[in-house]
file data.cif (mmCIF, N, CA and C atoms)
data_model
loop_
_atom_site.group_PDB
_atom_site.id
_atom_site.type_symbol
_atom_site.label_atom_id
_atom_site.label_comp_id
_atom_site.auth_asym_id
_atom_site.auth_seq_id
_atom_site.Cartn_x
_atom_site.Cartn_y
_atom_site.Cartn_z
ATOM 1 N N MET O 27 -1.479 -15.882 3.502
ATOM 2 C CA MET O 27 -0.389 -16.030 2.559
ATOM 3 C C MET O 27 0.904 -16.234 3.318
ATOM 4 N N ALA O 28 1.703 -17.147 2.833
ATOM 5 C CA ALA O 28 2.994 -17.399 3.467
ATOM 6 C C ALA O 28 3.925 -16.228 3.232
ATOM 7 N N GLN O 29 4.724 -15.930 4.215
ATOM 8 C CA GLN O 29 5.686 -14.842 4.095
ATOM 9 C C GLN O 29 7.056 -15.407 3.761
ATOM 10 N N TRP O 30 7.865 -14.575 3.149
ATOM 11 C CA TRP O 30 9.274 -14.866 2.883
ATOM 12 C C TRP O 30 9.479 -16.207 2.200
ATOM 13 N N CYS O 31 8.911 -16.342 1.038
ATOM 14 C CA CYS O 31 9.137 -17.535 0.235
ATOM 15 C C CYS O 31 9.340 -17.102 -1.218
ATOM 16 N N SER O 32 9.867 -18.012 -1.993
ATOM 17 C CA SER O 32 10.078 -17.729 -3.418
ATOM 18 C C SER O 32 8.735 -17.582 -4.118
ATOM 19 N N PHE O 33 8.718 -16.775 -5.176
ATOM 20 C CA PHE O 33 7.446 -16.527 -5.861
ATOM 21 C C PHE O 33 6.818 -17.805 -6.390
ATOM 22 N N TRP O 34 7.612 -18.775 -6.766
ATOM 23 C CA TRP O 34 7.051 -20.013 -7.310
ATOM 24 C C TRP O 34 6.487 -20.918 -6.214
ATOM 25 N N LYS O 35 6.738 -20.585 -4.962
ATOM 26 C CA LYS O 35 6.196 -21.359 -3.845
ATOM 27 C C LYS O 35 5.037 -20.628 -3.163
ATOM 28 N N THR O 36 4.722 -19.444 -3.639
ATOM 29 C CA THR O 36 3.711 -18.613 -2.979
ATOM 30 C C THR O 36 2.312 -19.173 -3.166
ATOM 31 N N ASP O 37 1.573 -19.225 -2.077
ATOM 32 C CA ASP O 37 0.168 -19.613 -2.109
ATOM 33 C C ASP O 37 -0.632 -18.373 -2.522
ATOM 34 N N LEU O 38 -1.271 -18.432 -3.665
ATOM 35 C CA LEU O 38 -2.006 -17.274 -4.193
ATOM 36 C C LEU O 38 -3.500 -17.340 -3.908
ATOM 37 N N LYS O 39 -3.886 -18.238 -3.028
ATOM 38 C CA LYS O 39 -5.305 -18.430 -2.722
ATOM 39 C C LYS O 39 -5.990 -17.126 -2.311
ATOM 40 N N ASN O 40 -5.311 -16.287 -1.557
ATOM 41 C CA ASN O 40 -5.912 -15.040 -1.069
ATOM 42 C C ASN O 40 -5.342 -13.801 -1.753
ATOM 43 N N ALA O 41 -4.670 -13.985 -2.877
ATOM 44 C CA ALA O 41 -3.988 -12.864 -3.534
ATOM 45 C C ALA O 41 -4.961 -11.769 -3.970
ATOM 46 N N GLU O 42 -6.074 -12.133 -4.579
ATOM 47 C CA GLU O 42 -7.015 -11.114 -5.050
ATOM 48 C C GLU O 42 -7.604 -10.329 -3.892
ATOM 49 N N THR O 43 -7.913 -10.997 -2.807
ATOM 50 C CA THR O 43 -8.432 -10.317 -1.621
ATOM 51 C C THR O 43 -7.378 -9.376 -1.050
ATOM 52 N N ALA O 44 -6.147 -9.844 -0.964
ATOM 53 C CA ALA O 44 -5.058 -9.022 -0.431
ATOM 54 C C ALA O 44 -4.849 -7.782 -1.288
ATOM 55 N N LEU O 45 -4.870 -7.939 -2.602
ATOM 56 C CA LEU O 45 -4.698 -6.787 -3.494
ATOM 57 C C LEU O 45 -5.850 -5.797 -3.339
ATOM 58 N N ARG O 46 -7.052 -6.318 -3.224
ATOM 59 C CA ARG O 46 -8.221 -5.449 -3.087
ATOM 60 C C ARG O 46 -8.152 -4.677 -1.762
ATOM 61 N N GLN O 47 -7.794 -5.360 -0.678
ATOM 62 C CA GLN O 47 -7.776 -4.708 0.627
ATOM 63 C C GLN O 47 -6.559 -3.819 0.825
ATOM 64 N N SER O 48 -5.442 -4.185 0.235
ATOM 65 C CA SER O 48 -4.200 -3.464 0.496
ATOM 66 C C SER O 48 -3.844 -2.426 -0.557
ATOM 67 N N LEU O 49 -4.417 -2.522 -1.736
ATOM 68 C CA LEU O 49 -4.066 -1.598 -2.807
ATOM 69 C C LEU O 49 -5.293 -0.870 -3.361
ATOM 70 N N VAL O 50 -6.273 -1.617 -3.797
ATOM 71 C CA VAL O 50 -7.453 -1.000 -4.404
ATOM 72 C C VAL O 50 -8.164 -0.091 -3.402
ATOM 73 N N SER O 51 -8.139 -0.456 -2.126
ATOM 74 C CA SER O 51 -8.775 0.386 -1.112
ATOM 75 C C SER O 51 -8.133 1.778 -1.061
ATOM 76 N N HIS O 52 -6.819 1.862 -1.294
ATOM 77 C CA HIS O 52 -6.132 3.163 -1.322
ATOM 78 C C HIS O 52 -6.591 3.986 -2.531
ATOM 79 N N ILE O 53 -6.751 3.312 -3.656
ATOM 80 C CA ILE O 53 -7.200 4.004 -4.870
ATOM 81 C C ILE O 53 -8.623 4.531 -4.680
ATOM 82 N N ILE O 54 -9.480 3.719 -4.096
ATOM 83 C CA ILE O 54 -10.868 4.129 -3.859
ATOM 84 C C ILE O 54 -10.915 5.352 -2.947
ATOM 85 N N THR O 55 -10.148 5.309 -1.865
ATOM 86 C CA THR O 55 -10.129 6.426 -0.922
ATOM 87 C C THR O 55 -9.638 7.703 -1.593
ATOM 88 N N ALA O 56 -8.525 7.604 -2.311
ATOM 89 C CA ALA O 56 -7.965 8.778 -2.991
ATOM 90 C C ALA O 56 -8.922 9.305 -4.057
ATOM 91 N N LYS O 57 -9.575 8.402 -4.757
ATOM 92 C CA LYS O 57 -10.523 8.807 -5.807
ATOM 93 C C LYS O 57 -11.645 9.667 -5.230
ATOM 94 N N HIS O 58 -12.108 9.316 -4.045
ATOM 95 C CA HIS O 58 -13.213 10.067 -3.442
ATOM 96 C C HIS O 58 -12.732 11.332 -2.736
ATOM 97 N N ALA O 59 -11.498 11.350 -2.263
ATOM 98 C CA ALA O 59 -10.974 12.531 -1.573
ATOM 99 C C ALA O 59 -10.496 13.606 -2.557
ATOM 100 N N ALA O 60 -9.922 13.184 -3.669
ATOM 101 C CA ALA O 60 -9.302 14.124 -4.613
ATOM 102 C C ALA O 60 -10.241 15.217 -5.114
ATOM 103 N N PRO O 61 -11.477 14.934 -5.499
ATOM 104 C CA PRO O 61 -12.334 16.016 -5.995
ATOM 105 C C PRO O 61 -12.549 17.144 -4.978
ATOM 106 N N TYR O 62 -12.637 16.807 -3.691
ATOM 107 C CA TYR O 62 -12.790 17.840 -2.653
ATOM 108 C C TYR O 62 -11.525 18.678 -2.540
ATOM 109 N N MET O 63 -10.388 18.010 -2.594
ATOM 110 C CA MET O 63 -9.110 18.717 -2.510
ATOM 111 C C MET O 63 -8.902 19.601 -3.732
ATOM 112 N N ILE O 64 -9.245 19.089 -4.906
ATOM 113 C CA ILE O 64 -9.095 19.860 -6.144
ATOM 114 C C ILE O 64 -9.987 21.106 -6.087
ATOM 115 N N ARG O 65 -11.201 20.932 -5.628
ATOM 116 C CA ARG O 65 -12.127 22.064 -5.535
ATOM 117 C C ARG O 65 -11.581 23.138 -4.591
ATOM 118 N N ASN O 66 -10.922 22.709 -3.503
ATOM 119 C CA ASN O 66 -10.354 23.661 -2.538
ATOM 120 C C ASN O 66 -8.931 24.081 -2.886
ATOM 121 N N ARG O 67 -8.393 23.498 -3.947
ATOM 122 C CA ARG O 67 -7.022 23.775 -4.374
ATOM 123 C C ARG O 67 -6.029 23.627 -3.223
ATOM 124 N N SER O 68 -6.273 22.593 -2.426
ATOM 125 C CA SER O 68 -5.423 22.334 -1.269
ATOM 126 C C SER O 68 -5.650 20.899 -0.802
ATOM 127 N N GLY O 69 -4.596 20.268 -0.329
ATOM 128 C CA GLY O 69 -4.760 18.939 0.239
ATOM 129 C C GLY O 69 -3.501 18.115 0.108
ATOM 130 N N LEU O 70 -3.471 17.026 0.847
ATOM 131 C CA LEU O 70 -2.330 16.119 0.858
ATOM 132 C C LEU O 70 -2.824 14.693 1.002
ATOM 133 N N ILE O 71 -2.426 13.843 0.088
ATOM 134 C CA ILE O 71 -2.705 12.415 0.174
ATOM 135 C C ILE O 71 -1.403 11.733 0.556
ATOM 136 N N VAL O 72 -1.445 10.936 1.616
ATOM 137 C CA VAL O 72 -0.242 10.260 2.117
ATOM 138 C C VAL O 72 -0.438 8.756 2.021
ATOM 139 N N GLU O 73 0.445 8.110 1.290
ATOM 140 C CA GLU O 73 0.477 6.652 1.227
ATOM 141 C C GLU O 73 1.566 6.181 2.182
ATOM 142 N N VAL O 74 1.234 5.265 3.061
ATOM 143 C CA VAL O 74 2.195 4.752 4.039
ATOM 144 C C VAL O 74 2.536 3.311 3.675
ATOM 145 N N THR O 75 3.820 3.058 3.531
ATOM 146 C CA THR O 75 4.292 1.710 3.250
ATOM 147 C C THR O 75 5.623 1.542 3.961
ATOM 148 N N GLU O 76 6.173 0.365 3.899
ATOM 149 C CA GLU O 76 7.464 0.177 4.557
ATOM 150 C C GLU O 76 8.544 -0.083 3.519
ATOM 151 N N ASN O 77 9.751 0.249 3.885
ATOM 152 C CA ASN O 77 10.925 -0.015 3.077
ATOM 153 C C ASN O 77 10.997 0.939 1.883
ATOM 154 N N ASN O 78 12.040 1.713 1.811
ATOM 155 C CA ASN O 78 12.154 2.703 0.742
ATOM 156 C C ASN O 78 13.111 2.280 -0.363
ATOM 157 N N VAL O 79 13.168 0.978 -0.610
ATOM 158 C CA VAL O 79 13.972 0.460 -1.711
ATOM 159 C C VAL O 79 13.066 -0.319 -2.657
ATOM 160 N N LEU O 80 13.565 -0.646 -3.823
ATOM 161 C CA LEU O 80 12.733 -1.364 -4.789
ATOM 162 C C LEU O 80 12.444 -2.798 -4.387
ATOM 163 N N SER O 81 13.354 -3.453 -3.701
ATOM 164 C CA SER O 81 13.067 -4.816 -3.271
ATOM 165 C C SER O 81 12.334 -4.721 -1.945
ATOM 166 N N ALA O 82 11.059 -5.053 -1.957
ATOM 167 C CA ALA O 82 10.211 -4.810 -0.796
ATOM 168 C C ALA O 82 10.217 -5.947 0.213
ATOM 169 N N GLY O 83 10.622 -7.131 -0.162
ATOM 170 C CA GLY O 83 10.619 -8.258 0.765
ATOM 171 C C GLY O 83 9.252 -8.891 0.889
ATOM 172 N N GLY O 84 9.190 -10.024 1.539
ATOM 173 C CA GLY O 84 7.939 -10.741 1.703
ATOM 174 C C GLY O 84 7.610 -11.555 0.468
ATOM 175 N N ASN O 85 6.368 -11.961 0.363
ATOM 176 C CA ASN O 85 5.972 -12.729 -0.818
ATOM 177 C C ASN O 85 5.668 -11.787 -1.978
ATOM 178 N N PRO O 86 5.510 -12.307 -3.176
ATOM 179 C CA PRO O 86 5.320 -11.439 -4.350
ATOM 180 C C PRO O 86 4.103 -10.515 -4.259
ATOM 181 N N VAL O 87 3.020 -10.968 -3.652
ATOM 182 C CA VAL O 87 1.834 -10.117 -3.549
ATOM 183 C C VAL O 87 2.145 -8.933 -2.626
ATOM 184 N N THR O 88 2.819 -9.195 -1.528
ATOM 185 C CA THR O 88 3.219 -8.127 -0.615
ATOM 186 C C THR O 88 4.145 -7.145 -1.319
ATOM 187 N N GLN O 89 5.079 -7.657 -2.092
ATOM 188 C CA GLN O 89 6.002 -6.788 -2.826
ATOM 189 C C GLN O 89 5.256 -5.902 -3.816
ATOM 190 N N VAL O 90 4.315 -6.483 -4.526
ATOM 191 C CA VAL O 90 3.539 -5.720 -5.507
ATOM 192 C C VAL O 90 2.786 -4.583 -4.824
ATOM 193 N N VAL O 91 2.165 -4.858 -3.687
ATOM 194 C CA VAL O 91 1.412 -3.828 -2.972
ATOM 195 C C VAL O 91 2.333 -2.699 -2.533
ATOM 196 N N LYS O 92 3.472 -3.042 -1.916
ATOM 197 C CA LYS O 92 4.386 -2.013 -1.418
ATOM 198 C C LYS O 92 4.926 -1.152 -2.553
ATOM 199 N N LEU O 93 5.301 -1.780 -3.638
ATOM 200 C CA LEU O 93 5.821 -1.027 -4.782
ATOM 201 C C LEU O 93 4.717 -0.203 -5.447
ATOM 202 N N ALA O 94 3.524 -0.768 -5.532
ATOM 203 C CA ALA O 94 2.414 -0.070 -6.177
ATOM 204 C C ALA O 94 1.997 1.169 -5.392
ATOM 205 N N LEU O 95 2.023 1.105 -4.064
ATOM 206 C CA LEU O 95 1.652 2.277 -3.270
ATOM 207 C C LEU O 95 2.621 3.432 -3.512
ATOM 208 N N LYS O 96 3.887 3.104 -3.682
ATOM 209 C CA LYS O 96 4.877 4.149 -3.984
ATOM 210 C C LYS O 96 4.614 4.748 -5.362
ATOM 211 N N GLY O 97 4.332 3.897 -6.335
ATOM 212 C CA GLY O 97 4.028 4.367 -7.684
ATOM 213 C C GLY O 97 2.724 5.137 -7.745
ATOM 214 N N LEU O 98 1.755 4.705 -6.972
ATOM 215 C CA LEU O 98 0.475 5.402 -6.917
ATOM 216 C C LEU O 98 0.666 6.829 -6.423
ATOM 217 N N ALA O 99 1.442 6.991 -5.370
ATOM 218 C CA ALA O 99 1.702 8.335 -4.847
ATOM 219 C C ALA O 99 2.412 9.191 -5.885
ATOM 220 N N LEU O 100 3.362 8.617 -6.579
ATOM 221 C CA LEU O 100 4.095 9.348 -7.616
ATOM 222 C C LEU O 100 3.151 9.820 -8.716
ATOM 223 N N ASN O 101 2.292 8.935 -9.183
ATOM 224 C CA ASN O 101 1.345 9.292 -10.245
ATOM 225 C C ASN O 101 0.314 10.311 -9.771
ATOM 226 N N MET O 102 -0.198 10.116 -8.552
ATOM 227 C CA MET O 102 -1.182 11.071 -8.037
ATOM 228 C C MET O 102 -0.549 12.450 -7.880
ATOM 229 N N ALA O 103 0.693 12.504 -7.416
ATOM 230 C CA ALA O 103 1.383 13.794 -7.250
ATOM 231 C C ALA O 103 1.462 14.538 -8.574
ATOM 232 N N ALA O 104 1.819 13.820 -9.630
ATOM 233 C CA ALA O 104 1.936 14.447 -10.951
ATOM 234 C C ALA O 104 0.580 14.952 -11.444
ATOM 235 N N GLU O 105 -0.473 14.161 -11.233
ATOM 236 C CA GLU O 105 -1.801 14.557 -11.708
ATOM 237 C C GLU O 105 -2.417 15.678 -10.878
ATOM 238 N N LEU O 106 -2.130 15.702 -9.598
ATOM 239 C CA LEU O 106 -2.771 16.665 -8.706
ATOM 240 C C LEU O 106 -2.020 17.988 -8.586
ATOM 241 N N ARG O 107 -0.763 17.990 -8.941
ATOM 242 C CA ARG O 107 0.060 19.197 -8.787
ATOM 243 C C ARG O 107 -0.567 20.449 -9.409
ATOM 244 N N PRO O 108 -1.105 20.382 -10.631
ATOM 245 C CA PRO O 108 -1.693 21.596 -11.223
ATOM 246 C C PRO O 108 -2.870 22.157 -10.419
ATOM 247 N N TYR O 109 -3.424 21.364 -9.511
ATOM 248 C CA TYR O 109 -4.577 21.795 -8.730
ATOM 249 C C TYR O 109 -4.204 22.201 -7.308
ATOM 250 N N GLY O 110 -2.905 22.268 -7.017
ATOM 251 C CA GLY O 110 -2.464 22.671 -5.688
ATOM 252 C C GLY O 110 -2.572 21.583 -4.635
ATOM 253 N N VAL O 111 -2.703 20.343 -5.085
ATOM 254 C CA VAL O 111 -2.836 19.204 -4.176
ATOM 255 C C VAL O 111 -1.568 18.362 -4.272
ATOM 256 N N SER O 112 -1.124 17.832 -3.151
ATOM 257 C CA SER O 112 0.098 17.023 -3.120
ATOM 258 C C SER O 112 -0.212 15.578 -2.747
ATOM 259 N N ALA O 113 0.681 14.693 -3.142
ATOM 260 C CA ALA O 113 0.608 13.289 -2.740
ATOM 261 C C ALA O 113 2.028 12.813 -2.499
ATOM 262 N N VAL O 114 2.212 12.066 -1.421
ATOM 263 C CA VAL O 114 3.526 11.532 -1.077
ATOM 264 C C VAL O 114 3.378 10.104 -0.577
ATOM 265 N N ALA O 115 4.473 9.375 -0.637
ATOM 266 C CA ALA O 115 4.558 8.064 0.007
ATOM 267 C C ALA O 115 5.618 8.177 1.090
ATOM 268 N N ILE O 116 5.281 7.715 2.281
ATOM 269 C CA ILE O 116 6.269 7.728 3.350
ATOM 270 C C ILE O 116 6.571 6.293 3.765
ATOM 271 N N THR O 117 7.790 6.099 4.185
ATOM 272 C CA THR O 117 8.235 4.767 4.590
ATOM 273 C C THR O 117 8.907 4.872 5.958
ATOM 274 N N PRO O 118 8.117 4.818 7.023
ATOM 275 C CA PRO O 118 8.673 5.009 8.357
ATOM 276 C C PRO O 118 9.525 3.844 8.856
ATOM 277 N N GLY O 119 9.563 2.755 8.116
ATOM 278 C CA GLY O 119 10.315 1.580 8.546
ATOM 279 C C GLY O 119 9.393 0.380 8.633
ATOM 280 N N PHE O 120 9.797 -0.606 9.387
ATOM 281 C CA PHE O 120 9.015 -1.830 9.521
ATOM 282 C C PHE O 120 7.650 -1.518 10.111
ATOM 283 N N LEU O 121 6.607 -2.050 9.491
ATOM 284 C CA LEU O 121 5.246 -1.855 9.974
ATOM 285 C C LEU O 121 4.668 -3.197 10.386
ATOM 286 N N ARG O 122 4.176 -3.278 11.577
ATOM 287 C CA ARG O 122 3.535 -4.499 12.069
ATOM 288 C C ARG O 122 2.034 -4.299 11.905
ATOM 289 N N ASN O 123 1.397 -5.187 11.148
ATOM 290 C CA ASN O 123 -0.031 -4.986 10.903
ATOM 291 C C ASN O 123 -0.890 -5.806 11.863
ATOM 292 N N ASP O 124 -2.150 -5.462 11.931
ATOM 293 C CA ASP O 124 -3.075 -6.139 12.839
ATOM 294 C C ASP O 124 -3.262 -7.600 12.484
ATOM 295 N N ALA O 125 -3.253 -7.930 11.189
ATOM 296 C CA ALA O 125 -3.449 -9.323 10.777
ATOM 297 C C ALA O 125 -2.348 -10.209 11.350
ATOM 298 N N GLY O 126 -1.120 -9.736 11.309
ATOM 299 C CA GLY O 126 -0.012 -10.509 11.864
ATOM 300 C C GLY O 126 -0.145 -10.673 13.361
ATOM 301 N N ALA O 127 -0.596 -9.636 14.045
ATOM 302 C CA ALA O 127 -0.785 -9.709 15.492
ATOM 303 C C ALA O 127 -1.873 -10.708 15.845
ATOM 304 N N VAL O 128 -2.961 -10.741 15.078
ATOM 305 C CA VAL O 128 -4.045 -11.694 15.323
ATOM 306 C C VAL O 128 -3.545 -13.117 15.129
ATOM 307 N N ARG O 129 -2.788 -13.369 14.059
ATOM 308 C CA ARG O 129 -2.264 -14.722 13.825
ATOM 309 C C ARG O 129 -1.342 -15.143 14.958
ATOM 310 N N ARG O 130 -0.498 -14.229 15.433
ATOM 311 C CA ARG O 130 0.393 -14.563 16.541
ATOM 312 C C ARG O 130 -0.399 -14.846 17.802
ATOM 313 N N TYR O 131 -1.445 -14.056 18.052
ATOM 314 C CA TYR O 131 -2.278 -14.236 19.235
ATOM 315 C C TYR O 131 -2.945 -15.605 19.220
ATOM 316 N N ARG O 132 -3.435 -16.000 18.035
ATOM 317 C CA ARG O 132 -4.105 -17.300 17.903
ATOM 318 C C ARG O 132 -3.106 -18.451 17.905
ATOM 319 N N GLY O 133 -1.827 -18.153 17.749
ATOM 320 C CA GLY O 133 -0.830 -19.208 17.726
ATOM 321 C C GLY O 133 -0.588 -19.776 16.346
ATOM 322 N N ASP O 134 -1.089 -19.083 15.292
ATOM 323 C CA ASP O 134 -0.899 -19.558 13.920
ATOM 324 C C ASP O 134 0.537 -19.414 13.468
ATOM 325 N N VAL O 135 1.265 -18.437 14.021
ATOM 326 C CA VAL O 135 2.669 -18.204 13.667
ATOM 327 C C VAL O 135 3.458 -17.977 14.939
ATOM 328 N N ALA O 136 4.761 -18.170 14.828
ATOM 329 C CA ALA O 136 5.612 -17.988 16.016
ATOM 330 C C ALA O 136 5.860 -16.529 16.278
#
call {"tool": "encode", "arguments": {"input": "data.cif", "output": "structure tokens"}}
result
Amino acid sequence: MAQWCSFWKTDLKNAETALRQSLVSHIITAKHAAPYMIRNRSGLIVEVTENNVLSAGGNPVTQVVKLALKGLALNMAAELRPYGVSAVAITPGFLRNDAGAVRRYRGDVA
């Protein structure tokens, strides 16, 4: 997917795959971890994303993932609180992912 372009210029060819790998995978992991934490009345789910503002940058699919991870943590925190389990989203700053490093290594991007 092209980065830093207007939503109407975005190539959505890989959007479903990106959403599944970048968002749904977090939901699947939390879904399987939560019952153990609830049973032990203890635990912490941490969602890691970059940028702690509403405008996430990048293409629209990237923005949706970043915003959704923050919302997911908020919703999980509310649902898990009565069971002594916490959920947070942290935003340590710019995150360089492996996919970008591979593309740079292959010479696909500057």
call {"tool": "resolve_selection", "arguments": {"input": "data.cif", "expression": "the PyMOL selection byres ((chain O and resi 67) around 8)", "output": "MDAnalysis selection string"}}
result
chainID O and resid 61:66 68:69 108:112
call {"tool": "atom_distance", "arguments": {"input": "data.cif", "atom1": "atom CA of Glu73 of chain O", "atom2": "atom N of Ala115 of chain O"}}
result
5.2 Å
call {"tool": "closest_residue", "arguments": {"input": "data.cif", "among": "O:Leu95, O:Ile54, O:Ala59, O:Cys31", "to": "Thr75 of chain O", "atoms": "all atoms listed in the file"}}
result
O:Leu95
call {"tool": "residues_around", "arguments": {"input": "data.cif", "residues": "Leu100 of chain O", "least_positions_apart": "3", "cutoff": "9 Å", "atoms": "only C-alpha atoms", "output": "PyMOL selection string"}}
result
chain O and resi 95-97+103-105+113-115
call {"tool": "write_last_selection", "arguments": {"input": "data.cif", "atoms": "N, CA and C atoms", "output": "short mmCIF file (atom, residue, chain, number, x, y, z; two decimals), in the coordinates of the input"}}
result
data_model
loop_
_atom_site.label_atom_id
_atom_site.label_comp_id
_atom_site.auth_asym_id
_atom_site.auth_seq_id
_atom_site.Cartn_x
_atom_site.Cartn_y
_atom_site.Cartn_z
N LEU O 95 2.02 1.10 -4.06
CA LEU O 95 1.65 2.28 -3.27
C LEU O 95 2.62 3.43 -3.51
N LYS O 96 3.89 3.10 -3.68
CA LYS O 96 4.88 4.15 -3.98
C LYS O 96 4.61 4.75 -5.36
N GLY O 97 4.33 3.90 -6.34
CA GLY O 97 4.03 4.37 -7.68
C GLY O 97 2.72 5.14 -7.74
N ALA O 103 0.69 12.50 -7.42
CA ALA O 103 1.38 13.79 -7.25
C ALA O 103 1.46 14.54 -8.57
N ALA O 104 1.82 13.82 -9.63
CA ALA O 104 1.94 14.45 -10.95
C ALA O 104 0.58 14.95 -11.44
N GLU O 105 -0.47 14.16 -11.23
CA GLU O 105 -1.80 14.56 -11.71
C GLU O 105 -2.42 15.68 -10.88
N ALA O 113 0.68 14.69 -3.14
CA ALA O 113 0.61 13.29 -2.74
C ALA O 113 2.03 12.81 -2.50
N VAL O 114 2.21 12.07 -1.42
CA VAL O 114 3.53 11.53 -1.08
C VAL O 114 3.38 10.10 -0.58
N ALA O 115 4.47 9.38 -0.64
CA ALA O 115 4.56 8.06 0.01
C ALA O 115 5.62 8.18 1.09
#
call {"tool": "atom_distance", "arguments": {"input": "data.cif", "atom1": "atom CA of Ser48 of chain O", "atom2": "atom CA of Val91 of chain O"}}
result
6.6 Å
call {"tool": "atom_distance", "arguments": {"input": "data.cif", "atom1": "atom C of Arg46 of chain O", "atom2": "atom N of Leu93 of chain O"}}
result
13.9 Å
call {"tool": "select_by_dssp", "arguments": {"input": "data.cif", "residues": "segment 46-109 of chain O", "states": "helix (DSSP H, G or I)", "output": "PyMOL selection string"}}
result
chain O and resi 46-66+86-109
call {"tool": "residues_around", "arguments": {"input": "data.cif", "residues": "Ser32 of chain O", "least_positions_apart": "4", "cutoff": "7 Å", "atoms": "only N, CA and C atoms", "output": "tab-separated table (two decimals) with N, CA and C atoms, keeping the file's coordinate frame"}}
result
chain	number	residue	atom	x	y	z
O	36	THR	N	4.72	-19.44	-3.64
O	36	THR	CA	3.71	-18.61	-2.98
O	36	THR	C	2.31	-19.17	-3.17
O	85	ASN	N	6.37	-11.96	0.36
O	85	ASN	CA	5.97	-12.73	-0.82
O	85	ASN	C	5.67	-11.79	-1.98
O	86	PRO	N	5.51	-12.31	-3.18
O	86	PRO	CA	5.32	-11.44	-4.35
O	86	PRO	C	4.10	-10.52	-4.26
call {"tool": "closest_residue", "arguments": {"input": "data.cif", "among": "O:Leu49, O:Ile116, O:Ile71, O:Ala60", "to": "Ala94 of chain O", "atoms": "only C-alpha atoms"}}
result
O:Leu49
call {"tool": "axis_aligned_box", "arguments": {"input": "data.cif", "around": "segment 59-63 of chain O", "padding_each_side": "3 Å", "output": "lines of an AutoDock Vina configuration file"}}
result
center_x = -10.8
center_y = 15.5
center_z = -3.8
size_x = 9.9
size_y = 14.3
size_z = 10.4
